[in-house]
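Peer 1: Below is the file model-v8.cif, which contains mmCIF, C-alpha atoms.
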data_structure
loop_
_atom_site.group_PDB
_atom_site.id
_atom_site.type_symbol
_atom_site.label_atom_id
_atom_site.label_comp_id
_atom_site.auth_asym_id
_atom_site.auth_seq_id
_atom_site.Cartn_x
_atom_site.Cartn_y
_atom_site.Cartn_z
ATOM 1 C CA MET A 1 -48.825 48.149 -56.345
ATOM 2 C CA ARG A 2 -47.647 51.731 -56.871
ATOM 3 C CA LYS A 3 -50.333 52.990 -54.449
ATOM 4 C CA VAL A 4 -49.106 50.625 -51.698
ATOM 5 C CA LEU A 5 -45.480 51.656 -52.305
ATOM 6 C CA ASN A 6 -46.417 55.378 -52.014
ATOM 7 C CA LYS A 7 -48.211 54.742 -48.709
ATOM 8 C CA ILE A 8 -45.144 52.954 -47.331
ATOM 9 C CA MET A 9 -42.866 55.779 -48.486
ATOM 10 C CA ASN A 10 -45.165 58.352 -46.823
ATOM 11 C CA LEU A 11 -45.224 56.654 -43.399
ATOM 12 C CA VAL A 12 -42.228 58.502 -41.959
ATOM 13 C CA SER A 13 -40.855 61.898 -42.871
ATOM 14 C CA ARG A 14 -37.942 63.961 -41.647
ATOM 15 C CA GLY A 15 -37.937 67.739 -41.638
ATOM 16 C CA TYR A 16 -37.422 70.840 -39.570
ATOM 17 C CA ILE A 17 -39.723 72.947 -37.405
ATOM 18 C CA THR A 18 -40.871 76.319 -38.732
ATOM 19 C CA PHE A 19 -43.416 77.172 -36.009
ATOM 20 C CA SER A 20 -44.646 75.795 -32.677
ATOM 21 C CA ASN A 21 -47.737 76.357 -30.542
ATOM 22 C CA SER A 22 -47.649 75.063 -26.964
ATOM 23 C CA ALA A 23 -50.927 76.648 -25.806
ATOM 24 C CA SER A 24 -53.091 73.570 -26.348
ATOM 25 C CA LYS A 25 -53.126 70.276 -24.425
ATOM 26 C CA CYS A 26 -51.062 68.692 -27.204
ATOM 27 C CA GLN A 27 -48.422 70.996 -28.636
ATOM 28 C CA THR A 28 -48.652 71.458 -32.390
ATOM 29 C CA LEU A 29 -45.840 72.092 -34.829
ATOM 30 C CA GLN A 30 -45.498 73.329 -38.338
ATOM 31 C CA ILE A 31 -42.840 71.310 -40.150
ATOM 32 C CA LYS A 32 -41.141 71.625 -43.499
ATOM 33 C CA MET A 33 -40.338 68.150 -44.765
ATOM 34 C CA SER A 34 -37.871 66.802 -47.286
ATOM 35 C CA GLY A 35 -38.835 67.989 -50.757
ATOM 36 C CA GLY A 36 -40.183 71.287 -49.362
ATOM 37 C CA GLU A 37 -43.634 69.997 -48.398
ATOM 38 C CA GLN A 38 -45.010 71.887 -45.377
ATOM 39 C CA LYS A 39 -47.524 70.610 -42.811
ATOM 40 C CA SER A 40 -49.250 72.703 -40.132
ATOM 41 C CA ASP A 41 -50.880 71.694 -36.845
ATOM 42 C CA VAL A 42 -48.951 68.441 -36.576
ATOM 43 C CA GLU A 43 -49.357 67.124 -33.025
ATOM 44 C CA HIS A 44 -46.109 66.701 -31.075
ATOM 45 C CA ILE A 45 -46.436 63.566 -28.951
ATOM 46 C CA GLU A 46 -44.115 63.882 -25.934
ATOM 47 C CA PRO A 47 -43.107 61.382 -23.243
ATOM 48 C CA TYR A 48 -45.185 61.557 -20.059
ATOM 49 C CA GLY A 49 -43.654 63.977 -17.534
ATOM 50 C CA PHE A 50 -41.396 65.742 -20.048
ATOM 51 C CA THR A 51 -42.131 68.670 -22.308
ATOM 52 C CA SER A 52 -40.212 71.257 -24.281
ATOM 53 C CA ARG A 53 -41.006 73.811 -26.923
ATOM 54 C CA PRO A 54 -38.550 73.368 -29.764
ATOM 55 C CA LEU A 55 -37.055 76.367 -31.507
ATOM 56 C CA ASP A 56 -37.708 77.082 -35.160
ATOM 57 C CA GLY A 57 -35.062 75.208 -37.125
ATOM 58 C CA ALA A 58 -35.013 72.174 -34.828
ATOM 59 C CA GLU A 59 -35.272 68.819 -36.551
ATOM 60 C CA ALA A 60 -38.342 66.576 -36.370
ATOM 61 C CA VAL A 61 -39.354 63.053 -37.327
ATOM 62 C CA ALA A 62 -43.036 62.720 -38.193
ATOM 63 C CA LEU A 63 -45.181 59.614 -38.537
ATOM 64 C CA PHE A 64 -48.162 59.557 -40.901
ATOM 65 C CA LEU A 65 -50.424 56.615 -40.122
ATOM 66 C CA ASP A 66 -51.470 54.594 -43.176
ATOM 67 C CA GLY A 67 -49.192 56.832 -45.261
ATOM 68 C CA ASP A 68 -51.886 59.530 -45.209
ATOM 69 C CA LYS A 69 -50.184 62.920 -44.791
ATOM 70 C CA SER A 70 -53.409 64.690 -43.829
ATOM 71 C CA HIS A 71 -52.916 63.797 -40.147
ATOM 72 C CA GLY A 72 -49.463 63.140 -38.735
ATOM 73 C CA VAL A 73 -47.708 63.225 -35.396
ATOM 74 C CA VAL A 74 -44.171 64.323 -34.560
ATOM 75 C CA LEU A 75 -42.620 61.600 -32.442
ATOM 76 C CA VAL A 76 -39.335 63.309 -31.688
ATOM 77 C CA SER A 77 -37.635 66.653 -32.164
ATOM 78 C CA GLY A 78 -34.023 67.521 -31.582
ATOM 79 C CA ASP A 79 -31.707 70.461 -32.060
ATOM 80 C CA ARG A 80 -28.092 69.670 -32.931
ATOM 81 C CA ARG A 81 -27.219 73.390 -32.689
ATOM 82 C CA TYR A 82 -27.413 73.246 -28.868
ATOM 83 C CA ARG A 83 -27.041 69.559 -28.031
ATOM 84 C CA ILE A 84 -24.362 68.758 -25.418
ATOM 85 C CA THR A 85 -21.762 66.657 -27.191
ATOM 86 C CA SER A 86 -19.331 65.742 -24.411
ATOM 87 C CA LEU A 87 -21.424 63.181 -22.518
ATOM 88 C CA LYS A 88 -19.896 59.888 -21.467
ATOM 89 C CA LYS A 89 -21.729 56.609 -22.049
ATOM 90 C CA GLY A 90 -24.721 56.373 -19.695
ATOM 91 C CA GLU A 91 -24.877 60.100 -18.855
ATOM 92 C CA VAL A 92 -28.119 62.091 -19.231
ATOM 93 C CA ALA A 93 -28.589 65.840 -19.740
ATOM 94 C CA ILE A 94 -31.336 68.434 -19.871
ATOM 95 C CA TYR A 95 -30.253 71.601 -21.689
ATOM 96 C CA THR A 96 -31.418 74.848 -23.281
ATOM 97 C CA ASP A 97 -30.246 76.971 -26.183
ATOM 98 C CA GLU A 98 -29.017 79.567 -23.623
ATOM 99 C CA GLY A 99 -26.370 77.212 -22.233
ATOM 100 C CA ASP A 100 -28.176 76.148 -19.040
ATOM 101 C CA TYR A 101 -28.004 72.456 -18.236
ATOM 102 C CA ILE A 102 -28.406 69.682 -15.708
ATOM 103 C CA ILE A 103 -26.107 66.739 -16.353
ATOM 104 C CA PHE A 104 -26.432 63.429 -14.537
ATOM 105 C CA ASN A 105 -22.767 62.444 -14.722
ATOM 106 C CA ARG A 106 -21.138 59.085 -14.090
ATOM 107 C CA ASN A 107 -20.080 58.231 -10.501
ATOM 108 C CA ASN A 108 -23.397 59.512 -9.071
ATOM 109 C CA GLU A 109 -22.630 63.188 -9.703
ATOM 110 C CA ILE A 110 -25.025 65.904 -10.851
ATOM 111 C CA ASN A 111 -23.738 69.062 -12.524
ATOM 112 C CA ILE A 112 -26.028 72.100 -12.852
ATOM 113 C CA LYS A 113 -25.106 75.247 -14.774
ATOM 114 C CA THR A 114 -27.441 78.210 -14.913
ATOM 115 C CA LYS A 115 -27.398 81.985 -14.581
ATOM 116 C CA ARG A 116 -29.781 81.917 -11.606
ATOM 117 C CA PHE A 117 -30.885 78.914 -9.546
ATOM 118 C CA ILE A 118 -34.272 79.140 -7.801
ATOM 119 C CA LEU A 119 -35.772 76.153 -6.021
ATOM 120 C CA ASN A 120 -39.481 76.388 -5.178
ATOM 121 C CA ALA A 121 -41.521 73.466 -3.894
ATOM 122 C CA ASP A 122 -44.837 73.055 -2.118
ATOM 123 C CA ASP A 123 -43.754 69.650 -0.850
ATOM 124 C CA ALA A 124 -40.466 67.835 -0.336
ATOM 125 C CA ILE A 125 -37.779 67.543 -2.988
ATOM 126 C CA GLU A 126 -35.267 64.820 -2.330
ATOM 127 C CA LEU A 127 -32.034 64.619 -4.268
ATOM 128 C CA ASN A 128 -29.664 61.742 -3.565
ATOM 129 C CA THR A 129 -26.281 61.946 -5.255
ATOM 130 C CA LYS A 130 -22.606 61.477 -4.442
ATOM 131 C CA ASN A 131 -21.588 64.974 -5.526
ATOM 132 C CA LEU A 132 -23.745 67.961 -6.568
ATOM 133 C CA VAL A 133 -22.122 70.882 -8.362
ATOM 134 C CA VAL A 134 -24.175 74.051 -8.957
ATOM 135 C CA SER A 135 -22.602 76.801 -11.068
ATOM 136 C CA ALA A 136 -24.730 79.955 -11.039
ATOM 137 C CA ALA A 137 -23.284 83.091 -12.665
ATOM 138 C CA SER A 138 -25.355 85.642 -10.747
ATOM 139 C CA GLY A 139 -26.460 83.904 -7.537
ATOM 140 C CA THR A 140 -28.243 81.029 -5.845
ATOM 141 C CA GLN A 141 -31.486 81.544 -3.953
ATOM 142 C CA PHE A 142 -33.274 79.250 -1.505
ATOM 143 C CA ASN A 143 -36.663 80.546 -0.317
ATOM 144 C CA THR A 144 -37.046 78.676 2.958
ATOM 145 C CA PRO A 145 -37.556 79.510 6.649
ATOM 146 C CA LEU A 146 -34.837 77.011 7.675
ATOM 147 C CA LEU A 147 -31.788 75.640 5.896
ATOM 148 C CA LYS A 148 -30.398 72.500 7.529
ATOM 149 C CA SER A 149 -27.219 70.532 6.984
ATOM 150 C CA SER A 150 -26.336 67.170 8.504
ATOM 151 C CA CYS A 151 -22.646 67.689 7.729
ATOM 152 C CA GLU A 152 -19.917 70.322 7.606
ATOM 153 C CA ILE A 153 -20.450 73.579 5.673
ATOM 154 C CA ALA A 154 -17.317 75.237 4.284
ATOM 155 C CA ASP A 155 -16.555 78.510 2.549
ATOM 156 C CA LYS A 156 -13.275 79.633 0.943
ATOM 157 C CA THR A 157 -11.305 79.705 4.210
ATOM 158 C CA SER A 158 -13.028 77.766 6.995
ATOM 159 C CA THR A 159 -15.882 75.548 8.106
ATOM 160 C CA ILE A 160 -18.834 76.303 10.368
ATOM 161 C CA SER A 161 -17.276 74.024 13.050
ATOM 162 C CA GLU A 162 -14.038 76.014 12.971
ATOM 163 C CA ILE A 163 -15.955 79.308 13.249
ATOM 164 C CA ARG A 164 -17.931 77.890 16.208
ATOM 165 C CA VAL A 165 -14.702 76.865 18.046
ATOM 166 C CA ILE A 166 -13.131 80.287 17.478
ATOM 167 C CA TYR A 167 -16.262 82.138 18.603
ATOM 168 C CA ASN A 168 -16.834 80.033 21.710
ATOM 169 C CA GLY A 169 -13.222 80.426 22.808
ATOM 170 C CA HIS A 170 -12.663 84.089 22.009
ATOM 171 C CA THR A 171 -12.088 86.841 24.556
ATOM 172 C CA HIS A 172 -11.854 90.652 24.371
ATOM 173 C CA ASN A 173 -9.078 92.897 25.607
ATOM 174 C CA GLU A 174 -10.793 95.755 27.420
ATOM 175 C CA THR A 175 -8.799 98.371 29.306
ATOM 176 C CA ASN A 176 -5.863 96.015 29.975
ATOM 177 C CA THR A 177 -8.238 93.282 31.208
ATOM 178 C CA VAL A 178 -9.085 90.136 29.307
ATOM 179 C CA THR A 179 -12.782 89.286 29.454
ATOM 180 C CA LEU A 180 -14.162 85.808 30.011
ATOM 181 C CA ASN A 181 -15.269 83.562 27.179
ATOM 182 C CA PRO A 182 -18.726 84.415 25.824
ATOM 183 C CA ASN A 183 -21.565 83.344 28.071
ATOM 184 C CA GLN A 184 -23.746 82.650 25.042
ATOM 185 C CA LYS A 185 -22.072 79.848 23.099
ATOM 186 C CA MET A 186 -22.636 79.222 19.411
ATOM 187 C CA SER A 187 -24.158 75.743 19.198
#
What's the structure tokens form of this structure?

Peer 2:
Amino acid sequence: MRKVLNKIMNLVSRGYITFSNSASKCQTLQIKMSGGEQKSDVEHIEPYGFTSRPLDGAEAVALFLDGDKSHGVVLVSGDRRYRITSLKKGEVAIYTDEGDYIIFNRNNEINIKTKRFILNADDAIELNTKNLVVSAASGTQFNTPLLKSSCEIADKTSTISEIRVIYNGHTHNETNTVTLNPNQKMS
């Protein structure tokens, strides 16, 4: 009976990450578990389409099938040191230890904070949201031959439509004579 109880107690273990290796197809972690026991080359099973390389000191929950600690898998890792704590119910965030994040806020809004925003795609990227806020400390870069907008574009003082109206209606005072409106209109 004691043997069965030990196997049950060894099924799940909580600990923290002391090393990670993301070079292989399945990332492996070294974890230090409760009681000081350390395990190396523990596979980190991640959800399809999502991956991250946890920092040393991040927490992990490991599963050891049949209670045999010779081969375990980490099912989840988290890092409370950098976790965003101000989310409302239903919101989702992707974040880093450097303070960058993408938050899918309530009311169909997306909030992005990063030092530099670069968007590269070989095919189409479609983003449908009510409001998109990008905060980039040092700049935003779009590498594209054409940037289109189906609506108004505004800066701190005016909109593109207002600039177009002013340009198309402007004249020049030359030697006490007012010139005609530009013959090449801004469309």

Peer 1: With all atoms listed in the file as the basis for distance, which of A:Gly139, A:Gly72, A:Gly99, A:Gly57 is at the shortest distance from Ile118 (chain A)?

Peer 2: A:Gly139

Peer 1: Do you have the CA of Tyr16 (chain A)-CA of Leu87 (chain A) distance handy?

Peer 2: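 About the pair CA of Tyr16 (chain A) and CA of Leu87 (chain A): they are 24.6 Å apart.
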
Peer 1: Nearest to Thr144 (chain A) among A:Ser158, A:Lys185, A:Leu119, A:Lys130, with distances taken over all atoms listed in the file: which residue is it?

Peer 2: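 Selected residue with least distance to Thr144 (chain A): A:Leu119.
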
Peer 1: What does the distance between CA of His44 (chain A) and CA of Thr85 (chain A) come to in Å, to one decimal place?

Peer 2: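 About the pair CA of His44 (chain A) and CA of Thr85 (chain A): they are 24.7 Å apart.
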
Peer 1: Could you check how far CA of Tyr95 (chain A) sits from CA of Ser52 (chain A), in Å to one decimal?

Peer 2: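 These atoms are spaced 10.3 Å apart.
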
Peer 1: Nearest to Gly67 (chain A) among A:Val133, A:Ile110, A:Val12, A:Ala124, with distances taken over all atoms listed in the file: which residue is it?

Peer 2: A:Val12

Peer 1: Would you mind telling me which residue in A:Phe64, A:Gly35, A:Asn131, A:Leu55 lies nearest to Asn10 (chain A) when using all atoms listed in the file?

Peer 2: A:Phe64

Peer 1: Translate the PyMOL selection byres ((chain A and resi 80) around 12), as applied to the file shown, into an explicit residue set as a VMD selection string.

Peer 2: chain A and resid 16 54 to 55 57 to 60 77 to 79 81 to 85 95 to 97

Peer 1: Around all listed atoms of region 29-44 of chain A, padded 4 Å per side, what centre and edge lengths does the axis-aligned box have in Å to one decimal, as lines of an AutoDock Vina configuration file?

Peer 2:
center_x = -44.4
center_y = 70.0
center_z = -40.9
size_x = 21.0
size_y = 14.6
size_z = 27.7

Peer 1: Counting only C-alpha atoms, what is within 12 Å of Glu162 (chain A), bar same-chain residues fewer than 6 positions away, as a PDB file with C-alpha atoms, keeping the file's coordinate frame?

Peer 2:
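So the final result, stored in result07.pdb, reads:
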ATOM      1  CA  GLU A 152     -19.917  70.322   7.606  1.00  0.00           C
ATOM      2  CA  ILE A 153     -20.450  73.579   5.673  1.00  0.00           C
ATOM      3  CA  ALA A 154     -17.317  75.237   4.284  1.00  0.00           C
ATOM      4  CA  ASP A 155     -16.555  78.510   2.549  1.00  0.00           C
ATOM      5  CA  ASN A 168     -16.834  80.033  21.710  1.00  0.00           C
ATOM      6  CA  GLY A 169     -13.222  80.426  22.808  1.00  0.00           C
ATOM      7  CA  MET A 186     -22.636  79.222  19.411  1.00  0.00           C
ATOM      8  CA  SER A 187     -24.158  75.743  19.198  1.00  0.00           C
TER       9      SER A 187
END

Peer 1: Where does region 40-73 of chain A meet region 26-31 of chain A within 8 Å, residue by residue, with the nearest atom pair and distance in Å to one decimal for each, counting all atoms listed in the file, listed by chain and rising number, as CSV?

Peer 2:
residue,atom,partner,partner_atom,distance
A:Ser40,CA,A:Gln30,CA,4.2
A:Asp41,CA,A:Thr28,CA,5.0
A:Val42,CA,A:Leu29,CA,5.1
A:Glu43,CA,A:Thr28,CA,4.4
A:His44,CA,A:Gln27,CA,5.5
A:Ile45,CA,A:Cys26,CA,7.1
A:Ala60,CA,A:Ile31,CA,7.5

Peer 1: For Lys39 (chain A), which of A:Ala62, A:Val165, A:Leu127, A:Val134 is the closest residue, counting all atoms listed in the file?

Peer 2: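 Residue with the minimum atom-to-atom distance to Lys39 (chain A): A:Ala62.
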
Peer 1: Using the chain letters and numbers from this file, what does the PyMOL selection byres ((chain A and resi 91) around 9) select? Give the answer as a PDB file with C-alpha atoms, in the frame of the given file.

Peer 2:
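See part_25.pdb below for the written result:
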ATOM      1  CA  LEU A  87     -21.424  63.181 -22.518  1.00  0.00           C
ATOM      2  CA  LYS A  88     -19.896  59.888 -21.467  1.00  0.00           C
ATOM      3  CA  LYS A  89     -21.729  56.609 -22.049  1.00  0.00           C
ATOM      4  CA  GLY A  90     -24.721  56.373 -19.695  1.00  0.00           C
ATOM      5  CA  VAL A  92     -28.119  62.091 -19.231  1.00  0.00           C
ATOM      6  CA  ALA A  93     -28.589  65.840 -19.740  1.00  0.00           C
ATOM      7  CA  ILE A 103     -26.107  66.739 -16.353  1.00  0.00           C
ATOM      8  CA  PHE A 104     -26.432  63.429 -14.537  1.00  0.00           C
ATOM      9  CA  ASN A 105     -22.767  62.444 -14.722  1.00  0.00           C
ATOM     10  CA  ARG A 106     -21.138  59.085 -14.090  1.00  0.00           C
TER      11      ARG A 106
END

Peer 1: Using all atoms listed in the file, determine which residues lie at most 7 Å from region 4-8 of chain A, disregarding the query and same-chain residues fewer than 2 positions distant; provide the list as an MDAnalysis selection string.

Peer 2: chainID A and resid 1:2 10:11 66:68

Peer 1: For Asn143 (chain A), please output as a PDB file with C-alpha atoms, in the frame of the given file all residues within 12 Å (counting only C-alpha atoms; exclusion window: fewer than 4 positions along the same chain).

Peer 2:
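Generated output (out.pdb):
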ATOM      1  CA  PHE A 117     -30.885  78.914  -9.546  1.00  0.00           C
ATOM      2  CA  ILE A 118     -34.272  79.140  -7.801  1.00  0.00           C
ATOM      3  CA  LEU A 119     -35.772  76.153  -6.021  1.00  0.00           C
ATOM      4  CA  ASN A 120     -39.481  76.388  -5.178  1.00  0.00           C
ATOM      5  CA  ALA A 121     -41.521  73.466  -3.894  1.00  0.00           C
ATOM      6  CA  ASP A 122     -44.837  73.055  -2.118  1.00  0.00           C
ATOM      7  CA  LEU A 147     -31.788  75.640   5.896  1.00  0.00           C
TER       8      LEU A 147
END

Peer 1: Which residue out of A:Ile166, A:Val76, A:Leu146, A:Ile102 has the minimum interatomic distance to Val61 (chain A) when all atoms listed in the file are used?

Peer 2: A:Val76

Peer 1: Could you tell me which residues the PyMOL selection byres ((chain A and resi 34) around 10) grabs in this file, written as an mmCIF file with C-alpha atoms, in the frame of the given file?

Peer 2:
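New file expr_7.cif:
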data_model
loop_
_atom_site.group_PDB
_atom_site.id
_atom_site.type_symbol
_atom_site.label_atom_id
_atom_site.label_comp_id
_atom_site.auth_asym_id
_atom_site.auth_seq_id
_atom_site.Cartn_x
_atom_site.Cartn_y
_atom_site.Cartn_z
ATOM 1 C CA SER A 13 -40.855 61.898 -42.871
ATOM 2 C CA ARG A 14 -37.942 63.961 -41.647
ATOM 3 C CA GLY A 15 -37.937 67.739 -41.638
ATOM 4 C CA TYR A 16 -37.422 70.840 -39.570
ATOM 5 C CA ILE A 31 -42.840 71.310 -40.150
ATOM 6 C CA LYS A 32 -41.141 71.625 -43.499
ATOM 7 C CA MET A 33 -40.338 68.150 -44.765
ATOM 8 C CA GLY A 35 -38.835 67.989 -50.757
ATOM 9 C CA GLY A 36 -40.183 71.287 -49.362
ATOM 10 C CA GLU A 37 -43.634 69.997 -48.398
ATOM 11 C CA GLN A 38 -45.010 71.887 -45.377
#

Peer 1: Region 149-166 of chain A from the block above, N, CA and C atoms, as a PDB file, in the first residue's frame, please?

Peer 2:
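Writing done, so here's selection25.pdb:
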ATOM      1  N   SER A 149      -5.214  53.557 -46.326  1.00  0.00           N
ATOM      2  CA  SER A 149      -6.189  53.772 -45.264  1.00  0.00           C
ATOM      3  C   SER A 149      -7.548  53.992 -45.908  1.00  0.00           C
ATOM      4  N   SER A 150      -8.569  53.358 -45.373  1.00  0.00           N
ATOM      5  CA  SER A 150      -9.924  53.554 -45.896  1.00  0.00           C
ATOM      6  C   SER A 150     -10.665  54.635 -45.111  1.00  0.00           C
ATOM      7  N   CYS A 151      -9.951  55.317 -44.217  1.00  0.00           N
ATOM      8  CA  CYS A 151     -10.598  56.356 -43.410  1.00  0.00           C
ATOM      9  C   CYS A 151      -9.629  57.518 -43.208  1.00  0.00           C
ATOM     10  N   GLU A 152     -10.021  58.440 -42.372  1.00  0.00           N
ATOM     11  CA  GLU A 152      -9.233  59.650 -42.115  1.00  0.00           C
ATOM     12  C   GLU A 152      -7.954  59.324 -41.349  1.00  0.00           C
ATOM     13  N   ILE A 153      -6.866  60.026 -41.668  1.00  0.00           N
ATOM     14  CA  ILE A 153      -5.603  59.920 -40.943  1.00  0.00           C
ATOM     15  C   ILE A 153      -5.348  61.278 -40.303  1.00  0.00           C
ATOM     16  N   ALA A 154      -5.073  61.296 -39.005  1.00  0.00           N
ATOM     17  CA  ALA A 154      -4.888  62.552 -38.286  1.00  0.00           C
ATOM     18  C   ALA A 154      -3.546  62.559 -37.573  1.00  0.00           C
ATOM     19  N   ASP A 155      -2.953  63.763 -37.466  1.00  0.00           N
ATOM     20  CA  ASP A 155      -1.776  63.925 -36.635  1.00  0.00           C
ATOM     21  C   ASP A 155      -2.170  64.821 -35.457  1.00  0.00           C
ATOM     22  N   LYS A 156      -1.218  65.518 -34.859  1.00  0.00           N
ATOM     23  CA  LYS A 156      -1.527  66.335 -33.680  1.00  0.00           C
ATOM     24  C   LYS A 156      -2.429  67.525 -33.992  1.00  0.00           C
ATOM     25  N   THR A 157      -2.404  68.029 -35.233  1.00  0.00           N
ATOM     26  CA  THR A 157      -3.119  69.281 -35.511  1.00  0.00           C
ATOM     27  C   THR A 157      -4.139  69.203 -36.639  1.00  0.00           C
ATOM     28  N   SER A 158      -4.088  68.221 -37.499  1.00  0.00           N
ATOM     29  CA  SER A 158      -4.998  68.208 -38.642  1.00  0.00           C
ATOM     30  C   SER A 158      -5.180  66.794 -39.171  1.00  0.00           C
ATOM     31  N   THR A 159      -6.024  66.701 -40.207  1.00  0.00           N
ATOM     32  CA  THR A 159      -6.231  65.422 -40.880  1.00  0.00           C
ATOM     33  C   THR A 159      -5.740  65.540 -42.317  1.00  0.00           C
ATOM     34  N   ILE A 160      -5.553  64.407 -42.965  1.00  0.00           N
ATOM     35  CA  ILE A 160      -5.124  64.407 -44.365  1.00  0.00           C
ATOM     36  C   ILE A 160      -6.145  65.149 -45.232  1.00  0.00           C
ATOM     37  N   SER A 161      -7.441  64.995 -44.960  1.00  0.00           N
ATOM     38  CA  SER A 161      -8.480  65.703 -45.735  1.00  0.00           C
ATOM     39  C   SER A 161      -8.329  67.208 -45.601  1.00  0.00           C
ATOM     40  N   GLU A 162      -8.071  67.677 -44.384  1.00  0.00           N
ATOM     41  CA  GLU A 162      -7.884  69.120 -44.178  1.00  0.00           C
ATOM     42  C   GLU A 162      -6.656  69.627 -44.928  1.00  0.00           C
ATOM     43  N   ILE A 163      -5.570  68.865 -44.890  1.00  0.00           N
ATOM     44  CA  ILE A 163      -4.343  69.251 -45.609  1.00  0.00           C
ATOM     45  C   ILE A 163      -4.625  69.305 -47.106  1.00  0.00           C
ATOM     46  N   ARG A 164      -5.368  68.336 -47.634  1.00  0.00           N
ATOM     47  CA  ARG A 164      -5.717  68.294 -49.054  1.00  0.00           C
ATOM     48  C   ARG A 164      -6.515  69.536 -49.444  1.00  0.00           C
ATOM     49  N   VAL A 165      -7.508  69.943 -48.645  1.00  0.00           N
ATOM     50  CA  VAL A 165      -8.335  71.121 -48.944  1.00  0.00           C
ATOM     51  C   VAL A 165      -7.475  72.383 -48.950  1.00  0.00           C
ATOM     52  N   ILE A 166      -6.592  72.501 -47.966  1.00  0.00           N
ATOM     53  CA  ILE A 166      -5.720  73.686 -47.902  1.00  0.00           C
ATOM     54  C   ILE A 166      -4.781  73.725 -49.105  1.00  0.00           C
TER      55      ILE A 166
END
